[in-house]
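File shown here: target22.pdb, holding PDB, C-alpha atoms.
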```
ATOM      1  CA  MET J   1       0.000   0.000   0.000
ATOM      2  CA  ALA J   2       2.759   2.366   1.020
ATOM      3  CA  GLU J   3       4.707   1.361  -2.083
ATOM      4  CA  ALA J   4       1.719   2.078  -4.327
ATOM      5  CA  ALA J   5       1.287   5.449  -2.681
ATOM      6  CA  ALA J   6       4.972   6.188  -3.270
ATOM      7  CA  VAL J   7       4.659   5.278  -6.961
ATOM      8  CA  ALA J   8       1.583   7.448  -7.291
ATOM      9  CA  HIS J   9       3.478  10.253  -5.603
ATOM     10  CA  ASP J  10       6.343   9.884  -8.101
ATOM     11  CA  ASP J  11       3.963   9.917 -11.079
ATOM     12  CA  HIS J  12       2.102  13.011  -9.960
ATOM     13  CA  HIS J  13       4.783  14.990  -8.168
ATOM     14  CA  TYR J  14       4.332  18.724  -7.687
ATOM     15  CA  THR J  15       5.780  20.992 -10.370
ATOM     16  CA  SER J  16       5.647  24.780 -10.608
ATOM     17  CA  THR J  17       4.047  24.545 -14.064
ATOM     18  CA  GLY J  18       1.536  21.905 -13.022
ATOM     19  CA  LEU J  19       2.780  19.795 -15.931
ATOM     20  CA  ASN J  20       4.644  16.510 -15.912
ATOM     21  CA  SER J  21       8.378  17.241 -15.912
ATOM     22  CA  TRP J  22       9.254  14.300 -18.194
ATOM     23  CA  LYS J  23       6.779  15.421 -20.811
ATOM     24  CA  LEU J  24       7.805  19.087 -20.658
ATOM     25  CA  GLY J  25      11.461  18.074 -20.830
ATOM     26  CA  PHE J  26      10.787  15.872 -23.826
ATOM     27  CA  TRP J  27       8.941  18.627 -25.682
ATOM     28  CA  THR J  28      11.984  20.837 -25.005
ATOM     29  CA  LEU J  29      14.210  18.128 -26.503
ATOM     30  CA  ILE J  30      11.946  17.973 -29.566
ATOM     31  CA  GLY J  31      12.214  21.772 -29.906
ATOM     32  CA  SER J  32      16.008  21.479 -29.907
ATOM     33  CA  GLU J  33      15.826  18.612 -32.409
ATOM     34  CA  CYS J  34      13.975  21.002 -34.741
ATOM     35  CA  LEU J  35      17.120  23.122 -34.779
ATOM     36  CA  PHE J  36      19.346  20.066 -35.240
ATOM     37  CA  PHE J  37      17.470  18.939 -38.333
ATOM     38  CA  GLY J  38      17.002  22.586 -39.383
ATOM     39  CA  THR J  39      20.771  22.980 -39.743
ATOM     40  CA  LEU J  40      21.091  19.728 -41.717
ATOM     41  CA  ILE J  41      18.190  20.682 -44.010
ATOM     42  CA  SER J  42      19.710  24.171 -44.442
ATOM     43  CA  THR J  43      22.998  22.618 -45.514
ATOM     44  CA  TYR J  44      21.260  20.375 -48.032
ATOM     45  CA  MET J  45      19.182  23.238 -49.436
ATOM     46  CA  VAL J  46      22.173  25.586 -49.702
ATOM     47  CA  TYR J  47      24.154  22.951 -51.615
ATOM     48  CA  LYS J  48      21.186  21.839 -53.710
ATOM     49  CA  GLY J  49      22.054  22.022 -57.411
ATOM     50  CA  GLN J  50      25.623  23.151 -56.639
ATOM     51  CA  SER J  51      27.382  19.835 -57.406
ATOM     52  CA  ILE J  52      29.768  20.211 -60.339
ATOM     53  CA  VAL J  53      30.217  16.468 -60.917
ATOM     54  CA  GLY J  54      27.581  13.728 -61.032
ATOM     55  CA  PRO J  55      25.688  11.727 -60.223
ATOM     56  CA  PHE J  56      22.981  14.328 -59.669
ATOM     57  CA  SER J  57      19.719  13.902 -57.763
ATOM     58  CA  GLY J  58      17.723  13.315 -60.969
ATOM     59  CA  ASP J  59      20.060  10.428 -61.833
ATOM     60  CA  VAL J  60      19.695   8.533 -58.566
ATOM     61  CA  PHE J  61      16.409   9.339 -56.808
ATOM     62  CA  ASP J  62      13.681   6.715 -57.168
ATOM     63  CA  ILE J  63      10.456   8.576 -56.322
ATOM     64  CA  PRO J  64       8.086   5.537 -56.408
ATOM     65  CA  LEU J  65      10.332   3.658 -53.959
ATOM     66  CA  THR J  66      10.656   6.657 -51.624
ATOM     67  CA  THR J  67       6.897   7.223 -51.816
ATOM     68  CA  ILE J  68       6.321   3.695 -50.518
ATOM     69  CA  SER J  69       8.801   4.158 -47.649
ATOM     70  CA  THR J  70       7.175   7.525 -46.815
ATOM     71  CA  PHE J  71       3.765   5.846 -46.715
ATOM     72  CA  VAL J  72       5.186   3.128 -44.449
ATOM     73  CA  LEU J  73       6.516   5.713 -41.976
ATOM     74  CA  LEU J  74       3.250   7.711 -42.016
ATOM     75  CA  MET J  75       1.230   4.583 -41.268
ATOM     76  CA  SER J  76       3.624   3.696 -38.448
ATOM     77  CA  SER J  77       2.615   6.999 -36.827
ATOM     78  CA  LEU J  78      -1.027   5.927 -37.032
ATOM     79  CA  ALA J  79      -0.124   2.570 -35.470
ATOM     80  CA  MET J  80       1.813   4.386 -32.720
ATOM     81  CA  VAL J  81      -1.135   6.502 -31.651
ATOM     82  CA  LEU J  82      -3.359   3.385 -31.682
ATOM     83  CA  ALA J  83      -0.799   1.559 -29.515
ATOM     84  CA  LEU J  84      -0.920   4.430 -26.991
ATOM     85  CA  ASP J  85      -4.707   4.255 -27.021
ATOM     86  CA  GLY J  86      -4.487   0.522 -26.274
ATOM     87  CA  VAL J  87      -2.148   1.092 -23.305
ATOM     88  CA  GLN J  88      -4.351   3.883 -21.923
ATOM     89  CA  ARG J  89      -7.380   1.552 -22.122
ATOM     90  CA  GLY J  90      -5.454  -1.261 -20.416
ATOM     91  CA  ASN J  91      -5.922  -3.494 -23.473
ATOM     92  CA  ARG J  92      -2.645  -5.429 -23.471
ATOM     93  CA  LYS J  93      -3.266  -7.468 -26.627
ATOM     94  CA  LEU J  94      -4.219  -4.383 -28.614
ATOM     95  CA  SER J  95      -1.251  -2.345 -27.395
ATOM     96  CA  MET J  96       1.184  -5.201 -28.114
ATOM     97  CA  ALA J  97      -0.278  -5.710 -31.593
ATOM     98  CA  TRP J  98       0.014  -2.041 -32.540
ATOM     99  CA  LEU J  99       3.466  -1.678 -30.977
ATOM    100  CA  GLY J 100       4.507  -4.694 -33.047
ATOM    101  CA  VAL J 101       3.117  -3.018 -36.182
ATOM    102  CA  VAL J 102       5.080   0.180 -35.432
ATOM    103  CA  ILE J 103       8.287  -1.800 -34.939
ATOM    104  CA  VAL J 104       7.799  -3.773 -38.179
ATOM    105  CA  LEU J 105       6.961  -0.624 -40.176
ATOM    106  CA  GLY J 106       9.935   1.237 -38.673
ATOM    107  CA  ALA J 107      12.253  -1.661 -39.549
ATOM    108  CA  THR J 108      10.753  -1.740 -43.055
ATOM    109  CA  PHE J 109      11.496   1.968 -43.490
ATOM    110  CA  LEU J 110      15.086   1.318 -42.406
ATOM    111  CA  GLY J 111      15.274  -1.554 -44.903
ATOM    112  CA  PHE J 112      14.200   0.820 -47.688
ATOM    113  CA  GLN J 113      16.869   3.292 -46.580
ATOM    114  CA  VAL J 114      19.612   0.655 -46.532
ATOM    115  CA  TYR J 115      18.555  -0.455 -50.027
ATOM    116  CA  GLU J 116      18.520   3.165 -51.236
ATOM    117  CA  PHE J 117      21.973   3.954 -49.800
ATOM    118  CA  ASN J 118      23.373   0.728 -51.266
ATOM    119  CA  HIS J 119      21.869   1.500 -54.687
ATOM    120  CA  PHE J 120      23.151   5.098 -54.667
ATOM    121  CA  TYR J 121      26.631   3.912 -53.716
ATOM    122  CA  HIS J 122      26.692   1.394 -56.554
ATOM    123  CA  VAL J 123      25.700   4.045 -59.125
ATOM    124  CA  GLY J 124      28.618   6.180 -57.962
ATOM    125  CA  LEU J 125      27.209   8.481 -55.279
ATOM    126  CA  GLY J 126      29.501   8.210 -52.259
ATOM    127  CA  LEU J 127      29.722  10.414 -49.172
ATOM    128  CA  ASP J 128      32.619  12.366 -50.705
ATOM    129  CA  THR J 129      31.618  12.209 -54.391
ATOM    130  CA  ASN J 130      30.017  15.656 -54.535
ATOM    131  CA  LEU J 131      27.958  18.157 -52.518
ATOM    132  CA  LEU J 132      24.794  16.119 -53.111
ATOM    133  CA  GLY J 133      26.381  12.969 -51.655
ATOM    134  CA  SER J 134      27.780  14.737 -48.574
ATOM    135  CA  SER J 135      24.650  16.669 -47.655
ATOM    136  CA  PHE J 136      22.184  13.905 -48.610
ATOM    137  CA  TYR J 137      23.864  11.091 -46.675
ATOM    138  CA  VAL J 138      24.408  13.226 -43.562
ATOM    139  CA  LEU J 139      20.803  14.479 -43.482
ATOM    140  CA  THR J 140      19.023  11.208 -44.253
ATOM    141  CA  GLY J 141      21.611   9.195 -42.326
ATOM    142  CA  PHE J 142      20.937  11.131 -39.115
ATOM    143  CA  HIS J 143      17.208  10.716 -39.703
ATOM    144  CA  GLY J 144      17.704   6.972 -40.203
ATOM    145  CA  ALA J 145      19.719   6.823 -36.974
ATOM    146  CA  HIS J 146      16.779   8.448 -35.176
ATOM    147  CA  VAL J 147      14.413   5.841 -36.677
ATOM    148  CA  PHE J 148      16.769   3.052 -35.574
ATOM    149  CA  PHE J 149      16.871   4.417 -32.011
ATOM    150  CA  GLY J 150      13.070   4.662 -32.055
ATOM    151  CA  VAL J 151      12.722   1.029 -33.154
ATOM    152  CA  VAL J 152      15.015  -0.086 -30.303
ATOM    153  CA  TRP J 153      13.071   2.067 -27.796
ATOM    154  CA  LEU J 154       9.696   0.709 -28.979
ATOM    155  CA  THR J 155      11.036  -2.857 -28.861
ATOM    156  CA  THR J 156      11.835  -2.397 -25.160
ATOM    157  CA  LEU J 157       8.256  -1.162 -24.617
ATOM    158  CA  PHE J 158       6.925  -4.173 -26.554
ATOM    159  CA  VAL J 159       8.907  -6.527 -24.280
ATOM    160  CA  MET J 160       7.658  -4.655 -21.199
ATOM    161  CA  SER J 161       4.091  -5.016 -22.449
ATOM    162  CA  ALA J 162       4.601  -8.736 -23.140
ATOM    163  CA  ARG J 163       5.768  -9.156 -19.541
ATOM    164  CA  GLY J 164       2.723  -7.304 -18.266
ATOM    165  CA  LYS J 165       4.788  -4.363 -17.056
ATOM    166  CA  LEU J 166       3.004  -1.717 -19.135
ATOM    167  CA  PRO J 167      -0.279  -1.011 -17.319
ATOM    168  CA  PRO J 168      -2.342   2.150 -17.952
ATOM    169  CA  SER J 169      -0.469   3.855 -15.091
ATOM    170  CA  LYS J 170       2.686   3.594 -17.264
ATOM    171  CA  ALA J 171       1.014   5.065 -20.364
ATOM    172  CA  LEU J 172       3.244   8.150 -20.125
ATOM    173  CA  ASN J 173       6.237   5.956 -21.087
ATOM    174  CA  VAL J 174       4.477   5.035 -24.326
ATOM    175  CA  GLU J 175       3.243   8.599 -24.875
ATOM    176  CA  ILE J 176       6.789   9.995 -24.684
ATOM    177  CA  ALA J 177       8.121   7.284 -27.021
ATOM    178  CA  GLY J 178       5.202   8.170 -29.296
ATOM    179  CA  LEU J 179       6.142  11.861 -29.269
ATOM    180  CA  TYR J 180       9.633  10.881 -30.393
ATOM    181  CA  TRP J 181       8.282   8.594 -33.123
ATOM    182  CA  HIS J 182       5.839  11.186 -34.462
ATOM    183  CA  PHE J 183       8.607  13.800 -34.499
ATOM    184  CA  VAL J 184      10.782  11.476 -36.587
ATOM    185  CA  ASP J 185       7.765  11.166 -38.902
ATOM    186  CA  VAL J 186       7.249  14.930 -39.286
ATOM    187  CA  VAL J 187      10.949  15.408 -40.037
ATOM    188  CA  TRP J 188      10.574  12.884 -42.869
ATOM    189  CA  ILE J 189       7.470  14.740 -44.129
ATOM    190  CA  VAL J 190       9.720  17.789 -44.589
ATOM    191  CA  ILE J 191      12.640  15.799 -46.044
ATOM    192  CA  PHE J 192      10.401  13.983 -48.541
ATOM    193  CA  VAL J 193       9.236  17.259 -50.076
ATOM    194  CA  LEU J 194      12.386  19.387 -49.834
ATOM    195  CA  VAL J 195      14.901  16.691 -50.797
ATOM    196  CA  TYR J 196      13.030  14.325 -53.100
ATOM    197  CA  LEU J 197      10.051  16.088 -54.673
ATOM    198  CA  ILE J 198      11.249  19.677 -55.195
ATOM    199  CA  GLN J 199      13.934  19.369 -57.866
TER     200      GLN J 199
ATOM    201  CA  MET T   1     -15.235  15.331 -34.895
ATOM    202  CA  SER T   2     -15.729  12.999 -32.014
ATOM    203  CA  SER T   3     -12.597  14.065 -30.208
ATOM    204  CA  HIS T   4     -12.648  15.039 -26.602
ATOM    205  CA  ALA T   5     -10.144  16.674 -24.320
ATOM    206  CA  ASP T   6      -9.895  13.851 -21.823
ATOM    207  CA  ALA T   7      -7.622  15.834 -19.545
ATOM    208  CA  HIS T   8      -5.939  14.051 -16.663
ATOM    209  CA  GLY T   9      -5.627  17.233 -14.708
ATOM    210  CA  HIS T  10      -3.405  20.242 -15.391
ATOM    211  CA  GLY T  11      -4.553  20.386 -19.022
ATOM    212  CA  GLU T  12      -2.524  17.293 -19.971
ATOM    213  CA  GLY T  13      -3.228  13.993 -21.651
ATOM    214  CA  GLY T  14      -6.211  14.704 -23.918
ATOM    215  CA  HIS T  15      -6.805  12.495 -26.933
ATOM    216  CA  ALA T  16      -9.190  11.870 -29.811
ATOM    217  CA  SER T  17     -11.200   8.777 -30.654
ATOM    218  CA  VAL T  18      -9.752   5.771 -32.500
ATOM    219  CA  GLY T  19     -11.979   6.500 -35.501
ATOM    220  CA  PHE T  20     -10.656  10.034 -35.658
ATOM    221  CA  TYR T  21      -7.042   8.758 -35.664
ATOM    222  CA  TRP T  22      -7.888   6.484 -38.608
ATOM    223  CA  LEU T  23      -9.415   9.459 -40.418
ATOM    224  CA  ILE T  24      -6.214  11.467 -39.897
ATOM    225  CA  GLY T  25      -4.187   8.493 -41.184
ATOM    226  CA  ILE T  26      -6.317   8.312 -44.345
ATOM    227  CA  ILE T  27      -6.022  12.084 -44.894
ATOM    228  CA  LEU T  28      -2.217  11.823 -44.524
ATOM    229  CA  ALA T  29      -2.121   9.038 -47.134
ATOM    230  CA  VAL T  30      -4.272  11.080 -49.543
ATOM    231  CA  LEU T  31      -2.112  14.194 -49.067
ATOM    232  CA  THR T  32       1.003  12.109 -49.796
ATOM    233  CA  ALA T  33      -0.612  10.806 -52.986
ATOM    234  CA  LEU T  34      -1.407  14.411 -53.987
ATOM    235  CA  GLU T  35       2.228  15.402 -53.351
ATOM    236  CA  VAL T  36       3.504  12.667 -55.641
ATOM    237  CA  ALA T  37       0.866  13.570 -58.255
ATOM    238  CA  ALA T  38       2.029  17.202 -58.114
ATOM    239  CA  TYR T  39       5.631  16.011 -58.597
ATOM    240  CA  TYR T  40       4.718  14.125 -61.783
ATOM    241  CA  MET T  41       2.556  17.021 -63.044
ATOM    242  CA  HIS T  42       5.331  19.603 -62.693
ATOM    243  CA  GLU T  43       5.141  20.597 -66.363
ATOM    244  CA  THR T  44       1.402  21.245 -66.087
ATOM    245  CA  LEU T  45       1.613  23.025 -62.737
ATOM    246  CA  GLY T  46       4.624  25.146 -63.683
ATOM    247  CA  SER T  47       5.513  27.695 -60.985
ATOM    248  CA  LEU T  48       2.628  26.465 -58.821
ATOM    249  CA  GLU T  49       4.329  23.126 -58.162
ATOM    250  CA  VAL T  50       6.586  24.274 -55.312
ATOM    251  CA  PRO T  51       3.890  26.236 -53.399
ATOM    252  CA  ILE T  52       1.501  23.275 -53.758
ATOM    253  CA  LEU T  53       4.114  20.803 -52.496
ATOM    254  CA  LEU T  54       5.037  23.055 -49.560
ATOM    255  CA  GLY T  55       1.354  23.594 -48.700
ATOM    256  CA  LEU T  56       0.621  19.858 -48.690
ATOM    257  CA  SER T  57       3.717  19.200 -46.592
ATOM    258  CA  VAL T  58       2.730  21.862 -44.045
ATOM    259  CA  ALA T  59      -0.787  20.391 -43.861
ATOM    260  CA  LYS T  60       0.617  16.918 -43.107
ATOM    261  CA  PHE T  61       3.025  18.381 -40.542
ATOM    262  CA  ILE T  62       0.199  20.192 -38.742
ATOM    263  CA  LEU T  63      -2.086  17.135 -38.720
ATOM    264  CA  VAL T  64       0.577  14.898 -37.148
ATOM    265  CA  VAL T  65       1.665  17.482 -34.572
ATOM    266  CA  MET T  66      -1.843  18.592 -33.590
ATOM    267  CA  PHE T  67      -3.558  15.199 -33.397
ATOM    268  CA  PHE T  68      -1.013  12.346 -33.255
ATOM    269  CA  MET T  69       1.252  14.330 -30.896
ATOM    270  CA  HIS T  70      -1.839  15.665 -29.081
ATOM    271  CA  LEU T  71      -0.769  19.330 -29.093
ATOM    272  CA  LYS T  72      -4.383  20.204 -29.922
ATOM    273  CA  PHE T  73      -5.499  18.808 -26.565
ATOM    274  CA  ASP T  74      -2.410  19.325 -24.393
ATOM    275  CA  SER T  75      -1.142  22.288 -22.417
ATOM    276  CA  LYS T  76      -0.258  25.354 -24.495
ATOM    277  CA  LEU T  77       3.164  25.409 -22.807
ATOM    278  CA  PHE T  78       4.183  22.275 -24.760
ATOM    279  CA  ALA T  79       3.185  24.032 -27.985
ATOM    280  CA  TRP T  80       5.224  27.142 -27.110
ATOM    281  CA  VAL T  81       8.312  25.089 -26.246
ATOM    282  CA  PHE T  82       8.012  23.218 -29.555
ATOM    283  CA  LEU T  83       7.268  26.354 -31.588
ATOM    284  CA  ALA T  84      10.313  28.141 -30.154
ATOM    285  CA  GLY T  85      12.632  25.567 -31.743
ATOM    286  CA  LEU T  86      10.542  25.161 -34.883
ATOM    287  CA  VAL T  87      10.283  28.891 -35.675
ATOM    288  CA  LEU T  88      14.021  29.339 -35.140
ATOM    289  CA  ALA T  89      14.737  26.362 -37.421
ATOM    290  CA  VAL T  90      12.440  27.712 -40.164
ATOM    291  CA  PHE T  91      14.158  31.093 -39.833
ATOM    292  CA  VAL T  92      17.624  29.507 -40.181
ATOM    293  CA  VAL T  93      16.597  27.525 -43.296
ATOM    294  CA  SER T  94      14.856  30.528 -44.897
ATOM    295  CA  PHE T  95      17.677  32.970 -44.092
ATOM    296  CA  LEU T  96      20.438  30.722 -45.457
ATOM    297  CA  MET T  97      18.461  29.872 -48.595
ATOM    298  CA  THR T  98      17.831  33.567 -49.209
ATOM    299  CA  LEU T  99      21.524  34.333 -48.790
ATOM    300  CA  TYR T 100      22.773  31.567 -51.056
ATOM    301  CA  HIS T 101      20.037  31.390 -53.690
ATOM    302  CA  VAL T 102      18.495  34.879 -53.837
ATOM    303  CA  VAL T 103      21.098  37.500 -52.868
ATOM    304  CA  PRO T 104      23.179  38.169 -56.016
ATOM    305  CA  GLY T 105      26.884  37.409 -55.657
ATOM    306  CA  TRP T 106      26.662  36.047 -52.092
ATOM    307  CA  THR T 107      28.019  32.586 -52.956
ATOM    308  CA  ALA T 108      30.901  34.105 -54.893
ATOM    309  CA  ALA T 109      31.645  36.508 -52.038
ATOM    310  CA  VAL T 110      31.994  33.735 -49.421
ATOM    311  CA  THR T 111      33.653  31.099 -51.617
ATOM    312  CA  GLY T 112      35.778  33.306 -53.840
ATOM    313  CA  VAL T 113      34.465  31.365 -56.844
ATOM    314  CA  ALA T 114      32.466  33.318 -59.408
TER     315      ALA T 114
END
```
Translate this file's structure into structure tokens.
Amino acid sequence: MAEAAAVAHDDHHYTSTGLNSWKLGFWTLIGSECLFFGTLISTYMVYKGQSIVGPFSGDVFDIPLTTISTFVLLMSSLAMVLALDGVQRGNRKLSMAWLGVVIVLGATFLGFQVYEFNHFYHVGLGLDTNLLGSSFYVLTGFHGAHVFFGVVWLTTLFVMSARGKLPPSKALNVEIAGLYWHFVDVVWIVIFVLVYLIQ
Amino acid sequence: MSSHADAHGHGEGGHASVGFYWLIGIILAVLTALEVAAYYMHETLGSLEVPILLGLSVAKFILVVMFFMHLKFDSKLFAWVFLAGLVLAVFVVSFLMTLYHVVPGWTAAVTGVA
């Protein structure tokens, strides 16, 4: 009883803002991540069309393939919010199923990215080939690293849920992981248009 | 819209219904299809292509942030913290693009290459 009271105290501790400190801190991190990706996107946009040797973006980009991977990541965001809903309702099977879907879709997106990088490399676009290669690989590589970290994070939540350690009282853990995942998604929404579609 | 601000105290933790999340997901898929259609219709759209693509992208961004990230239902402080970084990032991108792609002679001035 005393232990439960202590846990409840930890989850709803007093803050001067009246808001949960973890959540506020995480939104602050997301704000700073906007600047992180802002600088990488700036670099790509400044160098866009400035390469003096090929291959150029029109030679290597495969829009149908990237459209599919974009769709996969967007749908993973839908699955993420449904997984959070499942945890908040205390529906373990539902939350595990949707968390599993997010993990599979995230891994699929990474698979597309690995294939894309491998293909670009084999048609002659390396990290140091030209300005396109340098700025493209750094920008999309850092985004891919974020997706990879998200997949690992969500896998730990999936295991916790499978062990019955993700009750509704722990929904904030899933909500914060969800914030991270959705942010990774919105960054890709920007990258998809600025890097791939606007030539 | 069957959403409701199911606040858990302190203006936190609101969410929409499952059906509404599916609707947002479908809208996001349709907007993505429109983006790709605009890309392939660039000759028809001409100078409208870029504004259309940016508009669709902004719409998708707003939908995800407002509803999937729950900013629509959460405390305004979260939105301000997020917007602080976002506005600064948009300013940095816009300012650098203006310098390098709009201001005449800027690239040559900083690189020494005409």
*Radius query 9 Å about (16.0, 18.2, -34.2), atoms used: only C-alpha atoms, as a list in words*: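 So the residues meeting the distance criterion are Leu29, Ile30, Gly31, Ser32, Glu33, Cys34, Leu35, Phe36, Phe37, Gly38, Thr39, Phe183, Val184 and Val187 of chain J; Gly85, Leu86 and Ala89 of chain T.
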*For chain J against chain T, which residues fall within 8 Å using only C-alpha atoms, given as a count of residues only?*
37
_Rounded to one decimal, what separation in Å do you get between CA of Ala171 in chain J and CA of Ala97 in chain J?_
15.6 Å
*May I ask for the distance between CA of Lys23 in chain J and CA of Val174 in chain J, given in Å to one decimal place?*
11.2 Å
*Interatomic distance between CA of Val53 in chain J and CA of Thr70 in chain J?*
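These two atoms are separated by 28.5 Å.
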*With only C-alpha atoms as the atoms that count, which of J:Leu194, J:Leu132, J:Val101, J:Ala107 lies nearest to Pro55 in chain J?*
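Of J:Leu194, J:Leu132, J:Val101, J:Ala107, the one nearest Pro55 in chain J, counting only C-alpha atoms, is J:Leu132.
Nearest residue to Gln50 in chain J among J:Leu105, J:Leu131, J:Val87, J:Ile68 is J:Leu131, counting only C-alpha atoms.
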*For range 161-164 of chain J, work out the shell of residues within 12 Å, counting all atoms listed in the file and skipping chain neighbours fewer than 4 positions away, then give it as number ranges by chain.*
J: 83-84, 86-87, 90-100, 154-157, 168, 170-171, 173-174
Output file for the residues above (C-alpha atoms, as an mmCIF file, in the frame of the given file):
```
data_model
loop_
_atom_site.group_PDB
_atom_site.id
_atom_site.type_symbol
_atom_site.label_atom_id
_atom_site.label_comp_id
_atom_site.auth_asym_id
_atom_site.auth_seq_id
_atom_site.Cartn_x
_atom_site.Cartn_y
_atom_site.Cartn_z
ATOM 1 C CA ALA J 83 -0.799 1.559 -29.515
ATOM 2 C CA LEU J 84 -0.920 4.430 -26.991
ATOM 3 C CA GLY J 86 -4.487 0.522 -26.274
ATOM 4 C CA VAL J 87 -2.148 1.092 -23.305
ATOM 5 C CA GLY J 90 -5.454 -1.261 -20.416
ATOM 6 C CA ASN J 91 -5.922 -3.494 -23.473
ATOM 7 C CA ARG J 92 -2.645 -5.429 -23.471
ATOM 8 C CA LYS J 93 -3.266 -7.468 -26.627
ATOM 9 C CA LEU J 94 -4.219 -4.383 -28.614
ATOM 10 C CA SER J 95 -1.251 -2.345 -27.395
ATOM 11 C CA MET J 96 1.184 -5.201 -28.114
ATOM 12 C CA ALA J 97 -0.278 -5.710 -31.593
ATOM 13 C CA TRP J 98 0.014 -2.041 -32.540
ATOM 14 C CA LEU J 99 3.466 -1.678 -30.977
ATOM 15 C CA GLY J 100 4.507 -4.694 -33.047
ATOM 16 C CA LEU J 154 9.696 0.709 -28.979
ATOM 17 C CA THR J 155 11.036 -2.857 -28.861
ATOM 18 C CA THR J 156 11.835 -2.397 -25.160
ATOM 19 C CA LEU J 157 8.256 -1.162 -24.617
ATOM 20 C CA PRO J 168 -2.342 2.150 -17.952
ATOM 21 C CA LYS J 170 2.686 3.594 -17.264
ATOM 22 C CA ALA J 171 1.014 5.065 -20.364
ATOM 23 C CA ASN J 173 6.237 5.956 -21.087
ATOM 24 C CA VAL J 174 4.477 5.035 -24.326
#
```
Using the file's own x, y and z axes, what box holds all listed atoms of range 31-44 of chain T with 8 Å on each side, keeping edges along x, y and z, and what are its centre and edge lengths in Å to one decimal, as AutoDock Vina command-line options?
```
--center_x 1.8 --center_y 16.0 --center_z -57.7 --size_x 23.7 --size_y 26.4 --size_z 33.3
```
*Determine the nearest neighbour of Ala37 in chain T from the options J:Val72, J:Ile63, J:Thr17, J:Ala79, counting all atoms listed in the file.*
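Distance minimum relative to Ala37 in chain T lands on J:Ile63.
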Surrounding residues of range 58-60 of chain J excluding itself and chain neighbours under 5 positions, 9 Å, only C-alpha atoms, as a PDB file with C-alpha atoms, in the coordinates of the input:
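Written file, out21.pdb:
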```pdb
ATOM      1  CA  HIS J 119      21.869   1.500 -54.687  1.00  0.00           C
ATOM      2  CA  PHE J 120      23.151   5.098 -54.667  1.00  0.00           C
ATOM      3  CA  VAL J 123      25.700   4.045 -59.125  1.00  0.00           C
ATOM      4  CA  LEU J 125      27.209   8.481 -55.279  1.00  0.00           C
ATOM      5  CA  GLN J 199      13.934  19.369 -57.866  1.00  0.00           C
TER       6      GLN J 199
END
```
